[in-house]
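final_25.cif (mmCIF, C-alpha atoms and all ligand atoms) appears below.
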data_query
loop_
_atom_site.label_atom_id
_atom_site.label_comp_id
_atom_site.auth_asym_id
_atom_site.auth_seq_id
_atom_site.Cartn_x
_atom_site.Cartn_y
_atom_site.Cartn_z
CA MET M 23 173.40 95.29 52.88
CA ALA M 24 174.73 98.18 54.92
CA ARG M 25 175.75 99.01 58.46
CA ILE M 26 173.56 101.93 59.52
CA LEU M 27 173.93 104.13 62.59
CA VAL M 28 170.68 105.63 63.90
CA VAL M 29 171.12 108.54 66.33
CA GLU M 30 167.67 109.32 67.69
CA ASP M 31 166.55 110.05 71.24
CA GLU M 32 162.87 109.22 70.73
CA ALA M 33 162.84 105.57 71.75
CA ASN M 34 159.71 104.69 69.80
CA LEU M 35 161.00 106.20 66.62
CA ALA M 36 164.39 104.56 67.06
CA ARG M 37 162.65 101.22 67.51
CA LEU M 38 160.55 101.75 64.42
CA LEU M 39 163.63 102.62 62.37
CA ARG M 40 165.57 99.64 63.67
CA TYR M 41 162.72 97.28 62.91
CA ASN M 42 162.27 98.48 59.35
CA LEU M 43 165.95 98.73 58.51
CA GLU M 44 166.65 95.26 59.87
CA LYS M 45 163.73 93.93 57.89
CA GLU M 46 165.61 95.10 54.78
CA GLY M 47 168.65 93.17 55.92
CA HIS M 48 170.69 96.09 57.27
CA GLN M 49 172.82 95.96 60.37
CA VAL M 50 171.56 98.67 62.73
CA ILE M 51 173.31 100.47 65.59
CA VAL M 52 171.09 102.75 67.68
CA CYS M 53 172.34 105.56 69.93
CA SER M 54 170.13 107.94 71.89
CA ASP M 55 172.45 110.93 72.21
CA GLY M 56 175.03 112.70 70.09
CA GLU M 57 178.06 111.81 72.13
CA SER M 58 177.52 108.05 72.16
CA GLY M 59 176.52 108.38 68.50
CA LEU M 60 179.87 109.91 67.66
CA GLU M 61 181.66 107.19 69.60
CA ALA M 62 179.73 104.51 67.71
CA PHE M 63 180.46 106.31 64.44
CA ARG M 64 184.19 106.14 65.11
CA SER M 65 184.31 102.58 66.39
CA ARG M 66 181.76 100.94 64.08
CA LYS M 67 182.36 102.90 60.85
CA PRO M 68 178.79 102.82 59.52
CA GLU M 69 178.06 103.28 55.80
CA LEU M 70 175.14 105.58 56.52
CA VAL M 71 174.05 107.73 59.47
CA ILE M 72 170.41 108.56 60.16
CA LEU M 73 170.67 111.56 62.42
CA ASP M 74 168.07 113.42 64.46
CA VAL M 75 168.70 117.16 64.83
CA MET M 76 167.63 117.75 68.43
CA LEU M 77 169.63 115.35 70.57
CA PRO M 78 170.95 115.35 74.14
CA LYS M 79 174.62 116.13 74.78
CA LEU M 80 175.70 116.83 71.20
CA ASP M 81 173.06 117.94 68.70
CA GLY M 82 172.75 116.80 65.10
CA PHE M 83 174.29 119.98 63.71
CA ASP M 84 177.47 119.59 65.74
CA PHE M 85 177.55 115.86 65.06
CA CYS M 86 177.40 116.55 61.35
CA ARG M 87 180.14 119.15 61.52
CA VAL M 88 182.50 116.87 63.43
CA VAL M 89 181.91 113.95 61.07
CA ARG M 90 182.23 116.08 57.96
CA ALA M 91 185.58 117.47 59.02
CA ASP M 92 187.27 114.36 57.70
CA CYS M 93 184.70 111.94 56.37
CA ALA M 94 182.23 111.67 53.50
CA THR M 95 179.96 109.02 55.02
CA PRO M 96 176.39 109.77 53.88
CA ILE M 97 174.17 111.44 56.48
CA LEU M 98 170.38 111.53 56.37
CA MET M 99 168.96 114.11 58.77
CA LEU M 100 165.64 113.98 60.57
CA THR M 101 164.27 117.45 61.20
CA ALA M 102 161.25 118.38 63.27
CA ARG M 103 160.92 122.11 62.71
CA LYS M 104 161.09 124.56 59.86
CA SER M 105 163.93 126.41 61.58
CA GLU M 106 165.98 123.20 61.73
CA LEU M 107 165.28 122.46 58.10
CA ASP M 108 166.50 125.91 57.10
CA ARG M 109 169.82 125.19 58.73
CA VAL M 110 170.08 121.74 57.21
CA LEU M 111 169.45 123.28 53.81
CA GLY M 112 172.02 125.95 54.51
CA LEU M 113 174.43 123.36 53.08
CA GLU M 114 177.19 124.27 55.47
CA LEU M 115 176.61 121.07 57.40
CA GLY M 116 177.08 118.71 54.52
CA ALA M 117 174.10 116.44 55.19
CA ASP M 118 173.21 114.35 52.15
CA ASP M 119 169.49 114.30 52.51
CA TYR M 120 166.78 115.02 55.05
CA VAL M 121 163.24 114.10 55.93
CA THR M 122 160.88 116.21 57.97
CA LYS M 123 159.07 114.69 60.95
CA PRO M 124 156.54 113.24 60.92
CA PHE M 125 157.57 111.15 57.91
CA SER M 126 156.26 107.91 56.49
CA VAL M 127 158.47 104.89 57.01
CA ARG M 128 158.09 104.10 53.33
CA GLU M 129 159.47 107.47 52.33
CA LEU M 130 162.40 107.16 54.69
CA MET M 131 163.25 103.68 53.44
CA ALA M 132 163.18 104.95 49.86
CA ARG M 133 165.66 107.69 50.79
CA VAL M 134 167.92 105.21 52.53
CA LYS M 135 167.88 102.97 49.48
CA ALA M 136 168.69 105.86 47.15
CA ILE M 137 171.57 107.11 49.30
CA LEU M 138 173.10 103.66 49.59
CA ARG M 139 172.74 103.12 45.87
CA ARG M 140 174.51 106.39 45.12
CA ALA M 141 177.26 105.64 47.59
CA SER M 142 177.95 102.19 46.22
CA LYS M 143 180.32 101.51 43.37
CA ASP M 144 177.64 101.31 40.77
CA ASP M 145 179.66 101.47 37.59
CA GLY M 146 181.99 98.59 38.28
CA ARG M 147 185.08 100.77 38.12
CA ALA M 148 186.58 101.30 41.53
CA VAL M 149 188.98 104.18 40.80
CA MET M 150 188.28 106.99 38.32
CA ARG M 151 190.97 109.42 37.21
CA ALA M 152 191.58 112.76 35.55
CA GLY M 153 195.17 113.97 35.70
CA SER M 154 196.39 113.80 39.28
CA LEU M 155 192.83 113.62 40.55
CA GLU M 156 191.57 110.21 41.67
CA LEU M 157 188.18 109.18 42.91
CA ASP M 158 188.21 105.89 44.77
CA LEU M 159 184.66 104.57 44.77
CA ASP M 160 185.46 101.60 46.98
CA ARG M 161 186.88 103.70 49.77
CA HIS M 162 184.74 106.75 49.04
CA GLU M 163 187.92 108.76 48.94
CA ALA M 164 189.17 111.58 46.72
CA ARG M 165 192.91 112.01 46.16
CA LEU M 166 195.17 114.59 44.57
CA GLY M 167 198.55 113.25 43.54
CA GLY M 168 197.84 110.17 45.65
CA LYS M 169 197.01 112.20 48.78
CA PRO M 170 193.46 111.99 50.14
CA PHE M 171 191.73 115.30 50.76
CA SER M 172 188.60 116.19 52.69
CA ILE M 173 185.52 116.08 50.51
CA ARG M 174 181.83 116.11 51.32
CA ALA M 175 179.55 113.35 50.15
CA LYS M 176 177.74 115.64 47.69
CA GLU M 177 180.98 116.98 46.27
CA PHE M 178 182.14 113.41 45.82
CA GLU M 179 178.96 112.65 43.89
CA PHE M 180 179.40 115.71 41.67
CA LEU M 181 182.91 114.67 40.84
CA LYS M 182 181.78 111.14 40.14
CA CYS M 183 179.04 112.34 37.77
CA LEU M 184 181.48 114.58 35.91
CA LEU M 185 184.02 111.77 35.60
CA GLN M 186 181.41 109.30 34.43
CA ALA M 187 180.25 111.74 31.76
CA LYS M 188 183.76 111.48 30.24
CA GLY M 189 183.93 115.06 29.05
CA ARG M 190 180.29 115.39 28.07
CA VAL M 191 178.50 118.51 29.32
CA LEU M 192 176.14 117.94 32.23
CA THR M 193 173.40 120.49 32.75
CA ARG M 194 172.69 121.85 36.21
CA ASP M 195 169.39 120.02 36.21
CA GLU M 196 171.07 116.78 35.29
CA LEU M 197 173.60 117.21 38.06
CA LEU M 198 170.87 118.03 40.57
CA GLU M 199 168.89 114.98 39.61
CA ARG M 200 171.85 112.65 39.68
CA VAL M 201 173.30 113.92 42.92
CA TRP M 202 170.08 114.42 44.87
CA GLY M 203 167.90 111.88 43.11
CA TYR M 204 164.13 111.65 42.47
CA ASP M 205 161.93 114.61 41.78
CA GLU M 206 163.07 116.11 45.06
CA SER M 207 165.72 117.88 43.02
CA MET M 208 162.89 120.02 41.61
CA GLU M 209 162.69 121.79 44.95
CA ILE M 210 166.37 122.64 45.07
CA ASP M 211 167.62 125.74 43.33
CA THR M 212 170.07 125.08 40.50
CA ARG M 213 172.33 127.71 42.08
CA THR M 214 173.04 125.04 44.66
CA VAL M 215 174.99 123.23 41.95
CA ASP M 216 177.12 126.32 41.36
CA GLN M 217 177.83 126.60 45.07
CA HIS M 218 178.95 123.00 45.28
CA ILE M 219 181.12 123.32 42.20
CA ALA M 220 182.72 126.49 43.57
CA ARG M 221 183.61 124.70 46.79
CA LEU M 222 184.84 121.69 44.90
CA ARG M 223 187.12 123.86 42.75
CA GLU M 224 188.69 125.35 45.85
CA LYS M 225 189.69 121.88 46.95
CA LEU M 226 191.09 120.75 43.63
CA GLY M 227 194.06 123.08 43.44
CA ALA M 228 195.70 122.95 40.01
CA GLU M 229 193.15 120.38 38.82
CA ALA M 230 190.32 122.85 39.38
CA ARG M 231 190.81 124.02 35.78
CA ARG M 232 189.37 120.67 34.67
CA ILE M 233 185.89 121.68 35.75
CA VAL M 234 184.81 123.82 32.83
CA THR M 235 181.78 126.08 33.12
CA ILE M 236 179.55 126.10 30.07
CA LYS M 237 177.80 129.39 30.56
CA GLY M 238 174.06 129.13 30.98
CA VAL M 239 174.16 125.34 30.61
CA GLY M 240 176.24 123.50 33.14
CA TYR M 241 179.62 121.85 33.54
CA ARG M 242 181.98 119.40 31.95
CA LEU M 243 185.20 117.81 33.05
CA ASP M 244 188.26 118.39 30.88
CA LEU M 245 190.02 115.04 30.75
CA GLY M 246 192.95 116.18 28.58
CA GLY M 247 196.51 116.74 29.76
CA CA M 301 165.10 114.51 69.17
#

Please express what this file holds, its structure, as structure tokens.
Amino acid sequence: MARILVVEDEANLARLLRYNLEKEGHQVIVCSDGESGLEAFRSRKPELVILDVMLPKLDGFDFCRVVRADCATPILMLTARKSELDRVLGLELGADDYVTKPFSVRELMARVKAILRRASKDDGRAVMRAGSLELDLDRHEARLGGKPFSIRAKEFEFLKCLLQAKGRVLTRDELLERVWGYDESMEIDTRTVDQHIARLREKLGAEARRIVTIKGVGYRLDLGG
């Protein structure tokens, strides 16, 4: 079971989340503003953050940006307004998933489960490699020539999917489904995949050539050399 940080200033909602997450066996840390949330994030190292957007002191957007600067810990955002959702979906923040308030507890718990499942080492192999590129599933860390580099949770998942496919072509739809999960991927434009891949390539330096575009279809990882 996981250690989960809930950053939510609505006391009733925070209580409801704590109750349901603990019922599933998770360890829950609750903070009611962004600043104490960030402190708890650094000291307690949670495996998942459930993050409200509108928060006192430091809002969810800034929280996300700070965390993402050097960490790929999954973040599930709680948004209350369409305008917030637009920004979450703007992808620049690097949130892994979102739910819109009001949401059903059942839906939220399903998302939590899916995120934790994706983040866990589910193929039994802790470190995957292609050339000088390494993906450490245990530590949720990506390395080039042994040196860790900053990678977002979604980018990590893309890389993992490509590595697991062992050179097989993955279609954009396949990638969407495997990285985002459920039928929710139906609502996300497949261009999103291209955007993530483009950003990923920028980070991979000389190994970027391994991600091969199959025009009109999708991507594969070149494992040779
Ligand atoms: Ca709030």

Pick out the residues sitting within 7 Å of M:Asp195, and hand them over as a PyMOL selection string; count only C-alpha atoms, and ignore anything fewer than 3 positions along from it in its own chain.
chain M and resi 198-199+212

Using all atoms listed in the file, can you tell me which of M:His48, M:Lys237, M:Arg103, M:Arg128 comes closest to ligand CA 301 (chain M)?
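Ranked by minimum distance to ligand CA 301 (chain M), first place goes to M:Arg103.
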
Spatial neighbours of M:Ala91, max dist 9 Å, all atoms listed in the file, sep filter under 5 positions, as an NGL selection string
:M and (86 or 172-174)

For ligand CA 301 (chain M), collect every residue having any atom at a distance of at most 8 Å from a ligand atom (counting all atoms listed in the file); output as a list in words.
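My answer, listing the contacting residues, is Glu30, Asp31, Glu32, Asp74, Val75, Met76, Leu77 and Pro78 of chain M.
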
State, in Å with one decimal place, the distance from atom CA of M:Ala132 to atom CA of M:Ile72.
13.1 Å

Report the distance between atom CA of M:Arg194 and atom CA of M:Asp244 in Å, rounded to one decimal place.
16.8 Å

Can you patch up stretch 156-190 of chain M, filling it in to N, CA and C atoms, and show the result as a PDB file, keeping the file's coordinate frame?
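Wrote it out as out_35.pdb, contents follow:
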ATOM      1  N   GLU M 156     192.089 111.576  41.614  1.00  0.00           N
ATOM      2  CA  GLU M 156     191.570 110.210  41.670  1.00  0.00           C
ATOM      3  C   GLU M 156     190.348 110.156  42.557  1.00  0.00           C
ATOM      4  N   LEU M 157     189.380 109.389  42.104  1.00  0.00           N
ATOM      5  CA  LEU M 157     188.180 109.180  42.910  1.00  0.00           C
ATOM      6  C   LEU M 157     188.067 107.684  43.164  1.00  0.00           C
ATOM      7  N   ASP M 158     188.236 107.306  44.400  1.00  0.00           N
ATOM      8  CA  ASP M 158     188.210 105.890  44.770  1.00  0.00           C
ATOM      9  C   ASP M 158     186.813 105.558  45.280  1.00  0.00           C
ATOM     10  N   LEU M 159     186.057 104.844  44.435  1.00  0.00           N
ATOM     11  CA  LEU M 159     184.660 104.570  44.770  1.00  0.00           C
ATOM     12  C   LEU M 159     184.541 103.533  45.879  1.00  0.00           C
ATOM     13  N   ASP M 160     185.488 102.633  45.931  1.00  0.00           N
ATOM     14  CA  ASP M 160     185.460 101.600  46.980  1.00  0.00           C
ATOM     15  C   ASP M 160     185.617 102.222  48.356  1.00  0.00           C
ATOM     16  N   ARG M 161     186.578 103.112  48.457  1.00  0.00           N
ATOM     17  CA  ARG M 161     186.880 103.700  49.770  1.00  0.00           C
ATOM     18  C   ARG M 161     186.186 105.027  49.987  1.00  0.00           C
ATOM     19  N   HIS M 162     185.432 105.467  48.966  1.00  0.00           N
ATOM     20  CA  HIS M 162     184.740 106.750  49.040  1.00  0.00           C
ATOM     21  C   HIS M 162     185.746 107.845  49.390  1.00  0.00           C
ATOM     22  N   GLU M 163     186.821 107.867  48.638  1.00  0.00           N
ATOM     23  CA  GLU M 163     187.920 108.760  48.940  1.00  0.00           C
ATOM     24  C   GLU M 163     188.331 109.508  47.679  1.00  0.00           C
ATOM     25  N   ALA M 164     188.645 110.804  47.844  1.00  0.00           N
ATOM     26  CA  ALA M 164     189.170 111.580  46.720  1.00  0.00           C
ATOM     27  C   ALA M 164     190.627 111.886  47.005  1.00  0.00           C
ATOM     28  N   ARG M 165     191.475 111.789  45.964  1.00  0.00           N
ATOM     29  CA  ARG M 165     192.910 112.010  46.160  1.00  0.00           C
ATOM     30  C   ARG M 165     193.459 112.942  45.096  1.00  0.00           C
ATOM     31  N   LEU M 166     194.437 113.741  45.500  1.00  0.00           N
ATOM     32  CA  LEU M 166     195.170 114.590  44.570  1.00  0.00           C
ATOM     33  C   LEU M 166     196.628 114.152  44.651  1.00  0.00           C
ATOM     34  N   GLY M 167     197.171 113.727  43.536  1.00  0.00           N
ATOM     35  CA  GLY M 167     198.550 113.250  43.540  1.00  0.00           C
ATOM     36  C   GLY M 167     198.752 112.136  44.562  1.00  0.00           C
ATOM     37  N   GLY M 168     197.737 111.305  44.736  1.00  0.00           N
ATOM     38  CA  GLY M 168     197.840 110.170  45.650  1.00  0.00           C
ATOM     39  C   GLY M 168     197.502 110.498  47.096  1.00  0.00           C
ATOM     40  N   LYS M 169     197.309 111.806  47.384  1.00  0.00           N
ATOM     41  CA  LYS M 169     197.010 112.200  48.780  1.00  0.00           C
ATOM     42  C   LYS M 169     195.526 112.469  48.970  1.00  0.00           C
ATOM     43  N   PRO M 170     194.896 111.768  49.904  1.00  0.00           N
ATOM     44  CA  PRO M 170     193.460 111.990  50.140  1.00  0.00           C
ATOM     45  C   PRO M 170     193.209 113.406  50.647  1.00  0.00           C
ATOM     46  N   PHE M 171     192.114 113.998  50.207  1.00  0.00           N
ATOM     47  CA  PHE M 171     191.730 115.300  50.760  1.00  0.00           C
ATOM     48  C   PHE M 171     190.280 115.247  51.199  1.00  0.00           C
ATOM     49  N   SER M 172     189.940 116.168  52.100  1.00  0.00           N
ATOM     50  CA  SER M 172     188.600 116.190  52.690  1.00  0.00           C
ATOM     51  C   SER M 172     187.564 116.602  51.643  1.00  0.00           C
ATOM     52  N   ILE M 173     186.559 115.776  51.497  1.00  0.00           N
ATOM     53  CA  ILE M 173     185.520 116.080  50.510  1.00  0.00           C
ATOM     54  C   ILE M 173     184.180 115.650  51.074  1.00  0.00           C
ATOM     55  N   ARG M 174     183.153 116.464  50.823  1.00  0.00           N
ATOM     56  CA  ARG M 174     181.830 116.110  51.320  1.00  0.00           C
ATOM     57  C   ARG M 174     181.177 115.111  50.379  1.00  0.00           C
ATOM     58  N   ALA M 175     180.200 114.409  50.927  1.00  0.00           N
ATOM     59  CA  ALA M 175     179.550 113.350  50.150  1.00  0.00           C
ATOM     60  C   ALA M 175     178.966 113.892  48.838  1.00  0.00           C
ATOM     61  N   LYS M 176     178.340 115.070  48.905  1.00  0.00           N
ATOM     62  CA  LYS M 176     177.740 115.640  47.690  1.00  0.00           C
ATOM     63  C   LYS M 176     178.808 116.022  46.674  1.00  0.00           C
ATOM     64  N   GLU M 177     179.891 116.591  47.160  1.00  0.00           N
ATOM     65  CA  GLU M 177     180.980 116.980  46.270  1.00  0.00           C
ATOM     66  C   GLU M 177     181.567 115.747  45.586  1.00  0.00           C
ATOM     67  N   PHE M 178     181.664 114.686  46.352  1.00  0.00           N
ATOM     68  CA  PHE M 178     182.140 113.410  45.820  1.00  0.00           C
ATOM     69  C   PHE M 178     181.229 112.960  44.677  1.00  0.00           C
ATOM     70  N   GLU M 179     179.934 113.074  44.910  1.00  0.00           N
ATOM     71  CA  GLU M 179     178.960 112.650  43.890  1.00  0.00           C
ATOM     72  C   GLU M 179     179.055 113.511  42.632  1.00  0.00           C
ATOM     73  N   PHE M 180     179.247 114.819  42.832  1.00  0.00           N
ATOM     74  CA  PHE M 180     179.400 115.710  41.670  1.00  0.00           C
ATOM     75  C   PHE M 180     180.589 115.282  40.838  1.00  0.00           C
ATOM     76  N   LEU M 181     181.679 115.051  41.519  1.00  0.00           N
ATOM     77  CA  LEU M 181     182.910 114.670  40.840  1.00  0.00           C
ATOM     78  C   LEU M 181     182.713 113.351  40.099  1.00  0.00           C
ATOM     79  N   LYS M 182     182.033 112.447  40.754  1.00  0.00           N
ATOM     80  CA  LYS M 182     181.780 111.140  40.140  1.00  0.00           C
ATOM     81  C   LYS M 182     180.939 111.293  38.868  1.00  0.00           C
ATOM     82  N   CYS M 183     179.890 112.110  38.944  1.00  0.00           N
ATOM     83  CA  CYS M 183     179.040 112.340  37.770  1.00  0.00           C
ATOM     84  C   CYS M 183     179.845 112.922  36.623  1.00  0.00           C
ATOM     85  N   LEU M 184     180.676 113.921  36.950  1.00  0.00           N
ATOM     86  CA  LEU M 184     181.480 114.580  35.910  1.00  0.00           C
ATOM     87  C   LEU M 184     182.460 113.588  35.290  1.00  0.00           C
ATOM     88  N   LEU M 185     183.072 112.764  36.114  1.00  0.00           N
ATOM     89  CA  LEU M 185     184.020 111.770  35.600  1.00  0.00           C
ATOM     90  C   LEU M 185     183.313 110.735  34.738  1.00  0.00           C
ATOM     91  N   GLN M 186     182.153 110.314  35.188  1.00  0.00           N
ATOM     92  CA  GLN M 186     181.410 109.300  34.430  1.00  0.00           C
ATOM     93  C   GLN M 186     180.949 109.831  33.081  1.00  0.00           C
ATOM     94  N   ALA M 187     180.727 111.145  33.014  1.00  0.00           N
ATOM     95  CA  ALA M 187     180.250 111.740  31.760  1.00  0.00           C
ATOM     96  C   ALA M 187     181.367 111.799  30.716  1.00  0.00           C
ATOM     97  N   LYS M 188     182.618 111.559  31.158  1.00  0.00           N
ATOM     98  CA  LYS M 188     183.760 111.480  30.240  1.00  0.00           C
ATOM     99  C   LYS M 188     183.871 112.684  29.302  1.00  0.00           C
ATOM    100  N   GLY M 189     183.744 113.858  29.857  1.00  0.00           N
ATOM    101  CA  GLY M 189     183.930 115.060  29.050  1.00  0.00           C
ATOM    102  C   GLY M 189     182.649 115.653  28.480  1.00  0.00           C
ATOM    103  N   ARG M 190     181.572 114.889  28.553  1.00  0.00           N
ATOM    104  CA  ARG M 190     180.290 115.390  28.070  1.00  0.00           C
ATOM    105  C   ARG M 190     179.789 116.492  29.025  1.00  0.00           C
TER     106      ARG M 190
END
